[in-house]
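Note sheet for the following structure.
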Amino acid sequence: MRQGTTPTIQITINDIDLNEMQNIYVVFEQNGYILKKESSDLDIERNVISVLLSQEETLNFKEGTCNIQLRMITKGGVAIASPIKTTKVYRVLNKEVIT
């Protein structure tokens, strides 16, 4: 992921029926900064969750490593958390939103 861009992060889920979830959260964390996206922010197709990040959101990340975790709660109230994955964040020279 590069600062100041609008990437779509895709997460493929195996062995879980996403239709059984009451809410799904994708959480990004870097050095205490947390960005949380929930079901209404996500595009869910079959077993793929897509998360679109804005320029503003990616500019909040610093160059380095960013943690990503998926958390879900079933309609029956069972909470699920994925293993934490990491992605690299690359810097840009111009740290402002462009139009």
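Residue numbers start at 1 in each chain; chains themselves are named A, B, ... in the order of the structure tokens; ligands are numbered from 1 in the order shown.
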
Please list as a ChimeraX atom specification every residue within 9 Å of Gln55 in chain A, counting only C-alpha atoms and excluding residues in the same chain fewer than 6 positions away.
/A:3-7,96-98

Would you give me, as a PyMOL selection string, the residues in range 22-84 of chain A that DSSP reads as helix (DSSP H, G or I)?
chain A and resi 39-41+55-59

Export of prior selection with N, CA and C atoms as a short mmCIF file (atom, residue, chain, number, x, y, z; two decimals), in the first residue's frame:
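To be explicit, this is the file written out as again-v5.cif:
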data_model
loop_
_atom_site.label_atom_id
_atom_site.label_comp_id
_atom_site.auth_asym_id
_atom_site.auth_seq_id
_atom_site.Cartn_x
_atom_site.Cartn_y
_atom_site.Cartn_z
N SER A 39 -19.08 -3.66 8.12
CA SER A 39 -19.84 -4.23 7.00
C SER A 39 -20.35 -3.20 6.01
N SER A 40 -20.87 -2.08 6.49
CA SER A 40 -21.43 -1.07 5.59
C SER A 40 -20.36 -0.42 4.71
N ASP A 41 -19.08 -0.54 5.11
CA ASP A 41 -17.97 0.02 4.34
C ASP A 41 -17.35 -0.99 3.37
N GLN A 55 -7.64 8.38 0.03
CA GLN A 55 -6.34 9.06 0.13
C GLN A 55 -6.07 9.50 1.56
N GLU A 56 -7.10 10.07 2.19
CA GLU A 56 -6.95 10.54 3.57
C GLU A 56 -6.54 9.41 4.50
N GLU A 57 -7.19 8.26 4.32
CA GLU A 57 -6.91 7.12 5.19
C GLU A 57 -5.49 6.59 5.00
N THR A 58 -5.04 6.47 3.75
CA THR A 58 -3.69 5.94 3.53
C THR A 58 -2.62 6.96 3.90
N LEU A 59 -2.95 8.25 3.85
CA LEU A 59 -1.98 9.27 4.28
C LEU A 59 -1.76 9.23 5.79
#

Can you pull out the residues contacting Tyr90 in chain A? Cut-off 8 Å, using only C-alpha atoms, and skip same-chain residues under 2 positions away; I want them as a ChimeraX atom specification.
/A:1-3,62-64,88,92

Write to file, as a compact mmCIF listing (two decimals), in the first residue's frame, the residues of the selection just made, with N, CA, C and O atoms.
# COMPACT_ATOMS: atom_id res chain seq x y z
N MET A 1 0.85 -1.16 0.00
CA MET A 1 0.00 0.00 0.00
C MET A 1 0.90 1.23 0.00
O MET A 1 1.91 1.26 0.68
N ARG A 2 0.52 2.22 -0.77
CA ARG A 2 1.30 3.46 -0.83
C ARG A 2 0.47 4.60 -0.24
O ARG A 2 -0.72 4.70 -0.49
N GLN A 3 1.09 5.43 0.57
CA GLN A 3 0.41 6.59 1.16
C GLN A 3 -0.25 7.42 0.07
O GLN A 3 0.29 7.55 -1.03
N LYS A 62 2.10 5.60 8.30
CA LYS A 62 3.51 5.97 8.14
C LYS A 62 4.20 4.89 7.31
O LYS A 62 3.72 3.75 7.22
N GLU A 63 5.30 5.23 6.73
CA GLU A 63 6.10 4.24 6.01
C GLU A 63 6.49 3.12 6.98
O GLU A 63 6.87 3.38 8.12
N GLY A 64 6.35 1.89 6.55
CA GLY A 64 6.69 0.75 7.41
C GLY A 64 5.68 -0.37 7.26
O GLY A 64 5.13 -0.58 6.19
N LYS A 88 3.09 -3.89 3.75
CA LYS A 88 4.04 -2.78 3.75
C LYS A 88 3.33 -1.50 3.33
O LYS A 88 2.46 -1.51 2.48
N VAL A 92 5.10 8.52 -0.01
CA VAL A 92 5.03 9.39 -1.18
C VAL A 92 5.68 10.70 -0.79
O VAL A 92 5.81 11.02 0.39

Contacts of range 69-77 of chain A within 12 Å, only C-alpha atoms, excl. fewer than 6 positions in-chain, as an MDAnalysis selection string
chainID A and resid 9:13 16:30 34:39 42 49:51 83:87

Just asking: which residues within chain A are strand (DSSP E or B) according to DSSP, as a ChimeraX atom specification?
/A:2,8-12,21-30,33-38,42-45,48-52,64-74,79-81,85-90

One decimal, in Å: what's the spacing between CA of Ile68 in chain A and CA of Ala81 in chain A?
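About the pair CA of Ile68 in chain A and CA of Ala81 in chain A: they are 11.0 Å apart.
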
Counting only C-alpha atoms, the residue of A:Val89, A:Gly32, A:Ile80, A:Asn94 that sits nearest Thr65 in chain A
A:Val89

Report the distance between CA of Asn14 in chain A and CA of Ser54 in chain A in Å, rounded to one decimal place.
27.1 Å
